[in-house]
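Note: the block below is input.pdb and it holds PDB, C-alpha atoms, pLDDT in the B column.
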```pdb
ATOM      1  CA  MET U  21      68.592 -35.934 -58.855  1.00 59.00           C
ATOM      2  CA  THR U  22      65.783 -36.655 -61.286  1.00 74.00           C
ATOM      3  CA  HIS U  23      63.971 -33.965 -63.162  1.00 86.00           C
ATOM      4  CA  GLN U  24      60.291 -33.750 -63.960  1.00 93.00           C
ATOM      5  CA  VAL U  25      58.736 -32.910 -67.290  1.00 95.00           C
ATOM      6  CA  HIS U  26      55.184 -31.652 -66.845  1.00 97.00           C
ATOM      7  CA  ALA U  27      53.752 -32.232 -70.331  1.00 97.00           C
ATOM      8  CA  PHE U  28      50.325 -31.009 -71.412  1.00 97.00           C
ATOM      9  CA  GLU U  29      49.777 -31.892 -75.059  1.00 94.00           C
ATOM     10  CA  PRO U  30      47.264 -30.188 -75.238  1.00 94.00           C
ATOM     11  CA  PRO U  31      46.207 -28.650 -71.905  1.00 97.00           C
ATOM     12  CA  GLU U  32      42.580 -28.057 -70.972  1.00 97.00           C
ATOM     13  CA  ARG U  33      43.669 -24.564 -69.891  1.00 97.00           C
ATOM     14  CA  PHE U  34      46.986 -22.707 -70.210  1.00 98.00           C
ATOM     15  CA  VAL U  35      47.142 -19.123 -68.956  1.00 97.00           C
ATOM     16  CA  ALA U  36      49.369 -16.419 -67.556  1.00 97.00           C
ATOM     17  CA  GLY U  37      48.137 -14.886 -64.318  1.00 97.00           C
ATOM     18  CA  THR U  38      49.176 -13.116 -61.144  1.00 97.00           C
ATOM     19  CA  VAL U  39      48.793 -13.339 -57.413  1.00 96.00           C
ATOM     20  CA  GLY U  40      49.021 -10.214 -55.257  1.00 93.00           C
ATOM     21  CA  PRO U  41      48.257  -6.503 -55.552  1.00 88.00           C
ATOM     22  CA  PRO U  42      49.775  -4.304 -58.311  1.00 84.00           C
ATOM     23  CA  GLY U  43      53.351  -3.458 -57.452  1.00 81.00           C
ATOM     24  CA  ASP U  44      53.747  -6.693 -55.506  1.00 88.00           C
ATOM     25  CA  ARG U  45      52.427  -9.253 -58.005  1.00 93.00           C
ATOM     26  CA  THR U  46      53.913 -12.670 -58.645  1.00 96.00           C
ATOM     27  CA  PHE U  47      53.471 -13.859 -62.232  1.00 97.00           C
ATOM     28  CA  PHE U  48      52.648 -17.465 -63.081  1.00 98.00           C
ATOM     29  CA  LEU U  49      52.124 -19.713 -66.062  1.00 98.00           C
ATOM     30  CA  GLN U  50      49.502 -22.295 -65.182  1.00 98.00           C
ATOM     31  CA  ALA U  51      48.553 -25.457 -67.084  1.00 98.00           C
ATOM     32  CA  ARG U  52      45.632 -27.736 -66.267  1.00 97.00           C
ATOM     33  CA  GLY U  53      44.688 -31.056 -67.804  1.00 96.00           C
ATOM     34  CA  GLY U  54      44.169 -34.713 -67.050  1.00 94.00           C
ATOM     35  CA  GLY U  55      43.414 -34.006 -63.395  1.00 95.00           C
ATOM     36  CA  ARG U  56      46.757 -32.197 -62.945  1.00 97.00           C
ATOM     37  CA  LEU U  57      47.464 -28.547 -62.187  1.00 98.00           C
ATOM     38  CA  VAL U  58      50.968 -27.087 -62.592  1.00 98.00           C
ATOM     39  CA  SER U  59      51.941 -23.483 -61.793  1.00 98.00           C
ATOM     40  CA  VAL U  60      55.400 -22.045 -62.474  1.00 98.00           C
ATOM     41  CA  ALA U  61      56.581 -18.579 -61.407  1.00 98.00           C
ATOM     42  CA  LEU U  62      58.309 -16.125 -63.717  1.00 97.00           C
ATOM     43  CA  GLU U  63      59.024 -12.421 -64.134  1.00 96.00           C
ATOM     44  CA  LYS U  64      56.658  -9.878 -65.697  1.00 94.00           C
ATOM     45  CA  VAL U  65      59.138  -9.186 -68.492  1.00 94.00           C
ATOM     46  CA  GLN U  66      59.221 -12.904 -69.327  1.00 97.00           C
ATOM     47  CA  VAL U  67      55.425 -12.966 -69.741  1.00 97.00           C
ATOM     48  CA  SER U  68      55.581  -9.870 -71.942  1.00 95.00           C
ATOM     49  CA  LEU U  69      58.390 -11.283 -74.098  1.00 97.00           C
ATOM     50  CA  LEU U  70      56.648 -14.650 -74.355  1.00 98.00           C
ATOM     51  CA  ALA U  71      53.517 -12.991 -75.766  1.00 97.00           C
ATOM     52  CA  GLU U  72      55.603 -10.940 -78.200  1.00 97.00           C
ATOM     53  CA  LYS U  73      57.670 -13.902 -79.415  1.00 97.00           C
ATOM     54  CA  LEU U  74      54.601 -16.141 -79.761  1.00 97.00           C
ATOM     55  CA  GLU U  75      53.045 -13.508 -82.032  1.00 95.00           C
ATOM     56  CA  GLU U  76      56.241 -13.483 -84.121  1.00 96.00           C
ATOM     57  CA  LEU U  77      56.306 -17.289 -84.225  1.00 96.00           C
ATOM     58  CA  LEU U  78      52.712 -17.465 -85.482  1.00 95.00           C
ATOM     59  CA  SER U  79      53.422 -14.849 -88.165  1.00 94.00           C
ATOM     60  CA  GLU U  80      56.525 -16.745 -89.281  1.00 95.00           C
ATOM     61  CA  ALA U  81      54.603 -20.060 -89.377  1.00 94.00           C
ATOM     62  CA  GLN U  82      51.957 -18.423 -91.545  1.00 93.00           C
ATOM     63  CA  ARG U  83      54.552 -16.911 -93.865  1.00 94.00           C
ATOM     64  CA  ARG U  84      56.766 -19.995 -94.210  1.00 94.00           C
ATOM     65  CA  PHE U  85      54.297 -22.879 -93.931  1.00 91.00           C
ATOM     66  CA  GLY U  86      50.970 -21.303 -94.932  1.00 90.00           C
ATOM     67  CA  VAL U  87      49.379 -22.029 -91.571  1.00 89.00           C
ATOM     68  CA  LYS U  88      45.855 -20.603 -91.266  1.00 87.00           C
ATOM     69  CA  LEU U  89      45.706 -18.243 -88.307  1.00 84.00           C
ATOM     70  CA  PRO U  90      42.705 -16.742 -86.567  1.00 77.00           C
ATOM     71  CA  GLU U  91      42.577 -12.967 -86.942  1.00 72.00           C
ATOM     72  CA  THR U  92      42.589 -12.274 -83.210  1.00 64.00           C
ATOM     73  CA  GLY U  93      41.716 -14.015 -79.988  1.00 54.00           C
ATOM     74  CA  PRO U  94      38.177 -13.820 -78.609  1.00 55.00           C
ATOM     75  CA  VAL U  95      37.155 -10.359 -77.447  1.00 59.00           C
ATOM     76  CA  GLY U  96      36.374 -11.413 -73.869  1.00 66.00           C
ATOM     77  CA  GLY U  97      38.759 -14.323 -73.637  1.00 76.00           C
ATOM     78  CA  ASP U  98      39.590 -16.201 -70.447  1.00 85.00           C
ATOM     79  CA  ASN U  99      39.539 -13.653 -67.626  1.00 88.00           C
ATOM     80  CA  ASP U 100      39.013 -16.139 -64.795  1.00 94.00           C
ATOM     81  CA  PRO U 101      41.529 -16.133 -61.949  1.00 95.00           C
ATOM     82  CA  LEU U 102      44.224 -18.775 -61.694  1.00 97.00           C
ATOM     83  CA  ASP U 103      42.984 -22.148 -60.496  1.00 96.00           C
ATOM     84  CA  ALA U 104      43.568 -22.805 -56.795  1.00 95.00           C
ATOM     85  CA  PRO U 105      45.782 -23.871 -55.222  1.00 94.00           C
ATOM     86  CA  VAL U 106      48.579 -21.869 -56.841  1.00 96.00           C
ATOM     87  CA  ASP U 107      51.603 -23.878 -55.700  1.00 96.00           C
ATOM     88  CA  GLU U 108      54.852 -22.890 -57.410  1.00 97.00           C
ATOM     89  CA  GLU U 109      56.523 -25.974 -58.937  1.00 97.00           C
ATOM     90  CA  PHE U 110      59.636 -23.999 -59.901  1.00 97.00           C
ATOM     91  CA  ARG U 111      60.838 -20.577 -61.054  1.00 97.00           C
ATOM     92  CA  VAL U 112      61.321 -20.245 -64.816  1.00 97.00           C
ATOM     93  CA  GLY U 113      64.810 -19.437 -66.056  1.00 96.00           C
ATOM     94  CA  THR U 114      64.489 -20.174 -69.772  1.00 96.00           C
ATOM     95  CA  LEU U 115      61.563 -20.196 -72.174  1.00 97.00           C
ATOM     96  CA  GLY U 116      61.719 -22.160 -75.409  1.00 96.00           C
ATOM     97  CA  LEU U 117      59.393 -21.923 -78.401  1.00 97.00           C
ATOM     98  CA  ALA U 118      58.933 -24.129 -81.428  1.00 96.00           C
ATOM     99  CA  PHE U 119      56.384 -24.689 -84.166  1.00 96.00           C
ATOM    100  CA  ASP U 120      55.597 -28.309 -85.039  1.00 95.00           C
ATOM    101  CA  VAL U 121      54.817 -28.290 -88.765  1.00 94.00           C
ATOM    102  CA  ASP U 122      53.408 -31.840 -88.775  1.00 94.00           C
ATOM    103  CA  THR U 123      50.701 -31.139 -86.184  1.00 94.00           C
ATOM    104  CA  GLU U 124      50.518 -27.363 -86.803  1.00 94.00           C
ATOM    105  CA  THR U 125      50.918 -26.674 -83.093  1.00 96.00           C
ATOM    106  CA  VAL U 126      53.026 -24.318 -81.006  1.00 97.00           C
ATOM    107  CA  VAL U 127      55.257 -25.899 -78.371  1.00 97.00           C
ATOM    108  CA  ILE U 128      56.123 -23.789 -75.319  1.00 98.00           C
ATOM    109  CA  GLU U 129      58.670 -25.040 -72.842  1.00 97.00           C
ATOM    110  CA  ALA U 130      59.375 -23.328 -69.514  1.00 97.00           C
ATOM    111  CA  ILE U 131      62.611 -24.593 -67.962  1.00 97.00           C
ATOM    112  CA  ALA U 132      63.536 -24.149 -64.307  1.00 97.00           C
ATOM    113  CA  VAL U 133      66.285 -21.805 -63.204  1.00 94.00           C
ATOM    114  CA  GLY U 134      69.642 -23.596 -63.189  1.00 84.00           C
ATOM    115  CA  GLU U 135      72.256 -23.309 -60.450  1.00 62.00           C
ATOM    116  CA  ALA U 136      74.294 -20.781 -62.466  1.00 52.00           C
ATOM    117  CA  GLU U 137      71.195 -18.636 -63.047  1.00 49.00           C
ATOM    118  CA  VAL U 138      70.300 -18.469 -59.350  1.00 44.00           C
ATOM    119  CA  GLU U 139      73.326 -16.249 -58.722  1.00 40.00           C
ATOM    120  CA  VAL U 140      72.136 -13.646 -61.232  1.00 39.00           C
ATOM    121  CA  GLY U 141      69.913 -10.889 -59.782  1.00 39.00           C
ATOM    122  CA  ALA U 142      66.223 -10.724 -60.720  1.00 39.00           C
ATOM    123  CA  ALA U 143      66.650  -7.634 -62.926  1.00 37.00           C
ATOM    124  CA  GLU U 144      69.606  -9.187 -64.745  1.00 38.00           C
ATOM    125  CA  ALA U 145      67.790 -12.505 -65.121  1.00 37.00           C
ATOM    126  CA  ALA U 146      64.823 -10.714 -66.639  1.00 37.00           C
ATOM    127  CA  ALA U 147      67.100  -9.050 -69.186  1.00 36.00           C
ATOM    128  CA  GLU U 148      68.606 -12.413 -70.135  1.00 38.00           C
ATOM    129  CA  VAL U 149      65.340 -14.161 -71.001  1.00 41.00           C
ATOM    130  CA  GLU U 150      65.942 -16.656 -73.751  1.00 41.00           C
ATOM    131  CA  LEU U 151      63.284 -17.544 -76.267  1.00 43.00           C
ATOM    132  CA  ASP U 152      64.562 -20.332 -78.495  1.00 43.00           C
ATOM    133  CA  GLU U 153      62.612 -21.061 -81.648  1.00 44.00           C
ATOM    134  CA  SER U 154      63.899 -24.589 -82.160  1.00 44.00           C
ATOM    135  CA  GLU U 155      63.846 -27.861 -80.289  1.00 44.00           C
ATOM    136  CA  ASP U 156      67.254 -28.957 -81.618  1.00 45.00           C
ATOM    137  CA  GLU U 157      69.173 -28.022 -78.486  1.00 46.00           C
ATOM    138  CA  GLU U 158      68.067 -29.322 -75.093  1.00 48.00           C
ATOM    139  CA  PRO U 159      69.376 -26.850 -72.496  1.00 49.00           C
ATOM    140  CA  ASP U 160      70.104 -28.429 -69.123  1.00 57.00           C
ATOM    141  CA  ASP U 161      68.376 -31.798 -69.461  1.00 72.00           C
ATOM    142  CA  ASP U 162      68.523 -32.232 -65.684  1.00 86.00           C
ATOM    143  CA  LEU U 163      66.181 -29.296 -64.945  1.00 93.00           C
ATOM    144  CA  ASP U 164      62.419 -29.456 -64.355  1.00 96.00           C
ATOM    145  CA  ARG U 165      60.289 -28.195 -67.207  1.00 96.00           C
ATOM    146  CA  LEU U 166      56.728 -27.441 -68.189  1.00 98.00           C
ATOM    147  CA  ARG U 167      55.864 -28.283 -71.808  1.00 98.00           C
ATOM    148  CA  VAL U 168      52.578 -27.368 -73.481  1.00 98.00           C
ATOM    149  CA  ARG U 169      51.382 -27.854 -77.042  1.00 98.00           C
ATOM    150  CA  LEU U 170      48.800 -25.342 -78.292  1.00 97.00           C
ATOM    151  CA  THR U 171      46.809 -24.843 -81.465  1.00 95.00           C
ATOM    152  CA  PRO U 172      47.220 -21.461 -83.182  1.00 95.00           C
ATOM    153  CA  GLU U 173      43.774 -20.456 -81.829  1.00 93.00           C
ATOM    154  CA  ALA U 174      44.740 -21.363 -78.247  1.00 94.00           C
ATOM    155  CA  THR U 175      48.040 -19.536 -78.732  1.00 95.00           C
ATOM    156  CA  ARG U 176      46.192 -16.364 -79.777  1.00 93.00           C
ATOM    157  CA  GLU U 177      43.983 -16.656 -76.679  1.00 94.00           C
ATOM    158  CA  PHE U 178      47.087 -17.052 -74.494  1.00 96.00           C
ATOM    159  CA  ILE U 179      48.730 -13.997 -76.104  1.00 95.00           C
ATOM    160  CA  GLY U 180      45.632 -11.847 -75.505  1.00 94.00           C
ATOM    161  CA  ARG U 181      45.361 -12.815 -71.853  1.00 95.00           C
ATOM    162  CA  ALA U 182      49.112 -12.458 -71.235  1.00 96.00           C
ATOM    163  CA  ARG U 183      49.013  -8.901 -72.592  1.00 94.00           C
ATOM    164  CA  ARG U 184      45.974  -8.037 -70.453  1.00 94.00           C
ATOM    165  CA  VAL U 185      47.702  -9.427 -67.342  1.00 94.00           C
ATOM    166  CA  VAL U 186      50.910  -7.462 -68.005  1.00 92.00           C
ATOM    167  CA  ASN U 187      49.002  -4.232 -68.688  1.00 90.00           C
ATOM    168  CA  ALA U 188      46.778  -4.580 -65.598  1.00 88.00           C
ATOM    169  CA  GLY U 189      49.523  -3.401 -63.262  1.00 83.00           C
ATOM    170  CA  ARG U 190      50.431   0.075 -62.125  1.00 81.00           C
ATOM    171  CA  PRO U 191      50.113   2.804 -64.773  1.00 82.00           C
ATOM    172  CA  PRO U 192      53.380   4.123 -66.204  1.00 80.00           C
ATOM    173  CA  CYS U 193      54.751   7.604 -65.546  1.00 83.00           C
ATOM    174  CA  PRO U 194      54.087   9.727 -68.651  1.00 84.00           C
ATOM    175  CA  LEU U 195      57.635  11.126 -68.494  1.00 83.00           C
ATOM    176  CA  CYS U 196      59.920   8.197 -67.719  1.00 83.00           C
ATOM    177  CA  GLY U 197      57.709   5.134 -68.232  1.00 78.00           C
ATOM    178  CA  GLN U 198      58.438   3.624 -64.811  1.00 80.00           C
ATOM    179  CA  PRO U 199      55.449   2.330 -62.827  1.00 80.00           C
ATOM    180  CA  LEU U 200      53.691   4.863 -60.618  1.00 80.00           C
ATOM    181  CA  ASP U 201      53.174   3.948 -56.980  1.00 78.00           C
ATOM    182  CA  PRO U 202      49.949   5.155 -55.309  1.00 74.00           C
ATOM    183  CA  VAL U 203      52.052   7.722 -53.416  1.00 76.00           C
ATOM    184  CA  GLY U 204      53.988   8.782 -56.530  1.00 72.00           C
ATOM    185  CA  HIS U 205      57.581   8.020 -57.460  1.00 78.00           C
ATOM    186  CA  LEU U 206      60.967   9.662 -57.795  1.00 81.00           C
ATOM    187  CA  CYS U 207      61.005  10.523 -61.468  1.00 84.00           C
ATOM    188  CA  PRO U 208      64.488  10.714 -63.006  1.00 82.00           C
ATOM    189  CA  ARG U 209      63.133  13.219 -65.543  1.00 79.00           C
ATOM    190  CA  HIS U 210      62.369  15.605 -62.657  1.00 75.00           C
ATOM    191  CA  ASN U 211      65.791  15.225 -61.039  1.00 73.00           C
ATOM    192  CA  GLY U 212      64.425  13.052 -58.230  1.00 60.00           C
ATOM    193  CA  TYR U 213      61.399  15.132 -57.251  1.00 58.00           C
ATOM    194  CA  HIS U 214      58.218  13.259 -56.420  1.00 57.00           C
ATOM    195  CA  ARG U 215      55.683  13.107 -59.204  1.00 50.00           C
TER     196      ARG U 215
END
```

Could you quickly redo this structure as structure tokens?
Amino acid sequence: MTHQVHAFEPPERFVAGTVGPPGDRTFFLQARGGGRLVSVALEKVQVSLLAEKLEELLSEAQRRFGVKLPETGPVGGDNDPLDAPVDEEFRVGTLGLAFDVDTETVVIEAIAVGEAEVEVGAAEAAAEVELDESEDEEPDDDLDRLRVRLTPEATREFIGRARRVVNAGRPPCPLCGQPLDPVGHLCPRHNGYHR
């Protein structure tokens, strides 16, 4: 079976977004460019970790290679919804990150879930998110992948939007940190009483 590499170097637009109401959202990475639109599904924790690790990667590139970084992304940023149609190409199992010193760009690679990963539950899969910071190893060459190459400015914009998308969900319980449902939740800090 052949695999597809959806490469956008660079994309016209690369964003994290959701479909569905809070508490029942599906998270996507979406890349658009050259008349193509690719959407891949992933977990909320993967989006959060991706934003965090991209920030670390930019800081490390600045420290080690003297890369000039913008202070922060634009205040408003890209708040438009995902482009339609949102058709899931694949579900992301592994995320890889690299910094290309020659072009001073960030490379993000989202790799499809492999057969071994399908057996792992969603909560366990979310805890096992991998963020590689090198392109030396090619995990599972026979899996579909989405590869984008971003400037540091575009990376900052992506980080800002990803954080806004993650934080736009249900508010956390002030005691246990778990998301609050509109009807409350069983808080472990209150021995199972509704809060």

Starting from the PyMOL selection byres ((chain U and resi 108) around 10), expand the selection into actual residues of this file and give them as a PyMOL selection string. chain U and resi 48-50+58-62+105-107+109-111

Hey, can you check how far CA of Gln24 (chain U) sits from CA of Asp103 (chain U)? 21.1 Å

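Here the question is which of U:Thr175, U:Thr114, U:Thr125, U:Ser68 gets nearest to Val35 (chain U) using all atoms listed in the file, and that residue is U:Thr175.
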
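Taking CA of Asp120 (chain U) as the reference point, CA of Ile179 (chain U) is found at 18.2 Å.
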
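Using all atoms listed in the file for every distance, the candidate list U:Leu115, U:Pro192, U:Gly55, U:Ile131 yields U:Leu115 as the residue closest to Leu70 (chain U).
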
Two-atom distance - CA of Arg183 (chain U), CA of Arg83 (chain U) (Å): 23.4 Å

Using all atoms listed in the file, determine which residues lie at most 10 Å from Leu74 (chain U), disregarding the query and same-chain residues fewer than 3 positions distant; provide the list as a PyMOL selection string. chain U and resi 69-71+77-80+117-119+126-128+151+153+172+175-176+178-179

For the residues in that selection, give me C-alpha atoms as a PDB file, in the coordinates of the input.
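Written file, selection02.pdb:
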```pdb
ATOM      1  CA  LEU U  69      58.390 -11.283 -74.098  1.00 97.00           C
ATOM      2  CA  LEU U  70      56.648 -14.650 -74.355  1.00 98.00           C
ATOM      3  CA  ALA U  71      53.517 -12.991 -75.766  1.00 97.00           C
ATOM      4  CA  LEU U  77      56.306 -17.289 -84.225  1.00 96.00           C
ATOM      5  CA  LEU U  78      52.712 -17.465 -85.482  1.00 95.00           C
ATOM      6  CA  SER U  79      53.422 -14.849 -88.165  1.00 94.00           C
ATOM      7  CA  GLU U  80      56.525 -16.745 -89.281  1.00 95.00           C
ATOM      8  CA  LEU U 117      59.393 -21.923 -78.401  1.00 97.00           C
ATOM      9  CA  ALA U 118      58.933 -24.129 -81.428  1.00 96.00           C
ATOM     10  CA  PHE U 119      56.384 -24.689 -84.166  1.00 96.00           C
ATOM     11  CA  VAL U 126      53.026 -24.318 -81.006  1.00 97.00           C
ATOM     12  CA  VAL U 127      55.257 -25.899 -78.371  1.00 97.00           C
ATOM     13  CA  ILE U 128      56.123 -23.789 -75.319  1.00 98.00           C
ATOM     14  CA  LEU U 151      63.284 -17.544 -76.267  1.00 43.00           C
ATOM     15  CA  GLU U 153      62.612 -21.061 -81.648  1.00 44.00           C
ATOM     16  CA  PRO U 172      47.220 -21.461 -83.182  1.00 95.00           C
ATOM     17  CA  THR U 175      48.040 -19.536 -78.732  1.00 95.00           C
ATOM     18  CA  ARG U 176      46.192 -16.364 -79.777  1.00 93.00           C
ATOM     19  CA  PHE U 178      47.087 -17.052 -74.494  1.00 96.00           C
ATOM     20  CA  ILE U 179      48.730 -13.997 -76.104  1.00 95.00           C
TER      21      ILE U 179
END
```

Is it possible to get the residues within 10 Å of (65.3, 9.2, -64.2) (coordinates as in the file, counting all atoms listed in the file) written as a PyMOL selection string? chain U and resi 195-198+206-213

Polymer residues at most 6 Å from Asp164 (chain U), all atoms listed in the file, same-chain spacing of 6 or more positions, as a VMD selection string: chain U and resid 23 to 25 132

Selection under test: the PyMOL selection byres ((chain U and resi 47) around 7); residues as a PyMOL selection string: chain U and resi 37-39+45-46+48+61-64

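Minimum atom-to-atom distance to Gly204 (chain U), evaluated using all atoms listed in the file, belongs to U:Pro191 out of U:His26, U:Gly180, U:Pro191, U:Gly116.
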
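Among the candidate residues U:Ala27, U:Thr22, U:Arg169, U:Phe34, the one lying nearest to Asp98 (chain U) is U:Phe34, with distances computed using only C-alpha atoms.
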
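Comparing the minimum interatomic distances between Thr171 (chain U) and each of U:Pro42, U:Val67, U:Glu124, U:Pro31, counting all atoms listed in the file, we find that U:Glu124 sits nearest.
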
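Checking U:Ala36, U:Pro41, U:Phe28, U:Glu129 one by one against Arg190 (chain U), counting only C-alpha atoms, you find the shortest gap at U:Pro41.
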
N, CA and C atoms modelled onto region 106-125 of chain U, as a PDB file, in the frame of the given file:
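Produced file part02.pdb, reproduced below:
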```
ATOM      1  N   VAL U 106      47.471 -22.319 -56.005  1.00 96.00           N
ATOM      2  CA  VAL U 106      48.579 -21.869 -56.841  1.00 96.00           C
ATOM      3  C   VAL U 106      49.865 -22.205 -56.088  1.00 96.00           C
ATOM      4  N   ASP U 107      50.364 -23.406 -56.324  1.00 96.00           N
ATOM      5  CA  ASP U 107      51.603 -23.878 -55.700  1.00 96.00           C
ATOM      6  C   ASP U 107      52.712 -23.841 -56.737  1.00 96.00           C
ATOM      7  N   GLU U 108      53.738 -23.053 -56.469  1.00 97.00           N
ATOM      8  CA  GLU U 108      54.852 -22.890 -57.410  1.00 97.00           C
ATOM      9  C   GLU U 108      55.666 -24.182 -57.499  1.00 97.00           C
ATOM     10  N   GLU U 109      55.706 -24.779 -58.700  1.00 97.00           N
ATOM     11  CA  GLU U 109      56.523 -25.974 -58.937  1.00 97.00           C
ATOM     12  C   GLU U 109      58.002 -25.596 -59.025  1.00 97.00           C
ATOM     13  N   PHE U 110      58.276 -24.507 -59.756  1.00 97.00           N
ATOM     14  CA  PHE U 110      59.636 -23.999 -59.901  1.00 97.00           C
ATOM     15  C   PHE U 110      59.575 -22.599 -60.472  1.00 97.00           C
ATOM     16  N   ARG U 111      60.712 -21.900 -60.449  1.00 97.00           N
ATOM     17  CA  ARG U 111      60.838 -20.577 -61.054  1.00 97.00           C
ATOM     18  C   ARG U 111      61.461 -20.766 -62.428  1.00 97.00           C
ATOM     19  N   VAL U 112      60.881 -20.106 -63.431  1.00 97.00           N
ATOM     20  CA  VAL U 112      61.321 -20.245 -64.816  1.00 97.00           C
ATOM     21  C   VAL U 112      62.599 -19.453 -65.052  1.00 97.00           C
ATOM     22  N   GLY U 113      63.585 -20.108 -65.667  1.00 96.00           N
ATOM     23  CA  GLY U 113      64.810 -19.437 -66.056  1.00 96.00           C
ATOM     24  C   GLY U 113      64.865 -19.222 -67.557  1.00 96.00           C
ATOM     25  N   THR U 114      64.416 -20.221 -68.315  1.00 96.00           N
ATOM     26  CA  THR U 114      64.489 -20.174 -69.772  1.00 96.00           C
ATOM     27  C   THR U 114      63.148 -20.562 -70.366  1.00 96.00           C
ATOM     28  N   LEU U 115      62.768 -19.866 -71.427  1.00 97.00           N
ATOM     29  CA  LEU U 115      61.563 -20.196 -72.174  1.00 97.00           C
ATOM     30  C   LEU U 115      61.969 -20.601 -73.582  1.00 97.00           C
ATOM     31  N   GLY U 116      61.429 -21.700 -74.057  1.00 96.00           N
ATOM     32  CA  GLY U 116      61.719 -22.160 -75.409  1.00 96.00           C
ATOM     33  C   GLY U 116      60.443 -22.232 -76.224  1.00 96.00           C
ATOM     34  N   LEU U 117      60.539 -21.893 -77.494  1.00 97.00           N
ATOM     35  CA  LEU U 117      59.393 -21.923 -78.401  1.00 97.00           C
ATOM     36  C   LEU U 117      59.740 -22.719 -79.644  1.00 97.00           C
ATOM     37  N   ALA U 118      58.758 -23.415 -80.168  1.00 96.00           N
ATOM     38  CA  ALA U 118      58.933 -24.129 -81.428  1.00 96.00           C
ATOM     39  C   ALA U 118      57.581 -24.237 -82.107  1.00 96.00           C
ATOM     40  N   PHE U 119      57.603 -24.426 -83.415  1.00 96.00           N
ATOM     41  CA  PHE U 119      56.384 -24.689 -84.166  1.00 96.00           C
ATOM     42  C   PHE U 119      56.525 -26.057 -84.809  1.00 96.00           C
ATOM     43  N   ASP U 120      55.592 -26.961 -84.484  1.00 95.00           N
ATOM     44  CA  ASP U 120      55.597 -28.309 -85.039  1.00 95.00           C
ATOM     45  C   ASP U 120      54.782 -28.278 -86.328  1.00 95.00           C
ATOM     46  N   VAL U 121      55.466 -28.398 -87.457  1.00 94.00           N
ATOM     47  CA  VAL U 121      54.817 -28.290 -88.765  1.00 94.00           C
ATOM     48  C   VAL U 121      53.865 -29.454 -89.000  1.00 94.00           C
ATOM     49  N   ASP U 122      54.236 -30.656 -88.538  1.00 94.00           N
ATOM     50  CA  ASP U 122      53.408 -31.840 -88.775  1.00 94.00           C
ATOM     51  C   ASP U 122      52.032 -31.724 -88.130  1.00 94.00           C
ATOM     52  N   THR U 123      51.979 -31.248 -86.897  1.00 94.00           N
ATOM     53  CA  THR U 123      50.701 -31.139 -86.184  1.00 94.00           C
ATOM     54  C   THR U 123      50.141 -29.719 -86.199  1.00 94.00           C
ATOM     55  N   GLU U 124      50.892 -28.780 -86.776  1.00 94.00           N
ATOM     56  CA  GLU U 124      50.518 -27.363 -86.803  1.00 94.00           C
ATOM     57  C   GLU U 124      50.178 -26.858 -85.406  1.00 94.00           C
ATOM     58  N   THR U 125      51.091 -27.128 -84.468  1.00 96.00           N
ATOM     59  CA  THR U 125      50.918 -26.674 -83.093  1.00 96.00           C
ATOM     60  C   THR U 125      52.159 -25.920 -82.629  1.00 96.00           C
TER      61      THR U 125
END
```
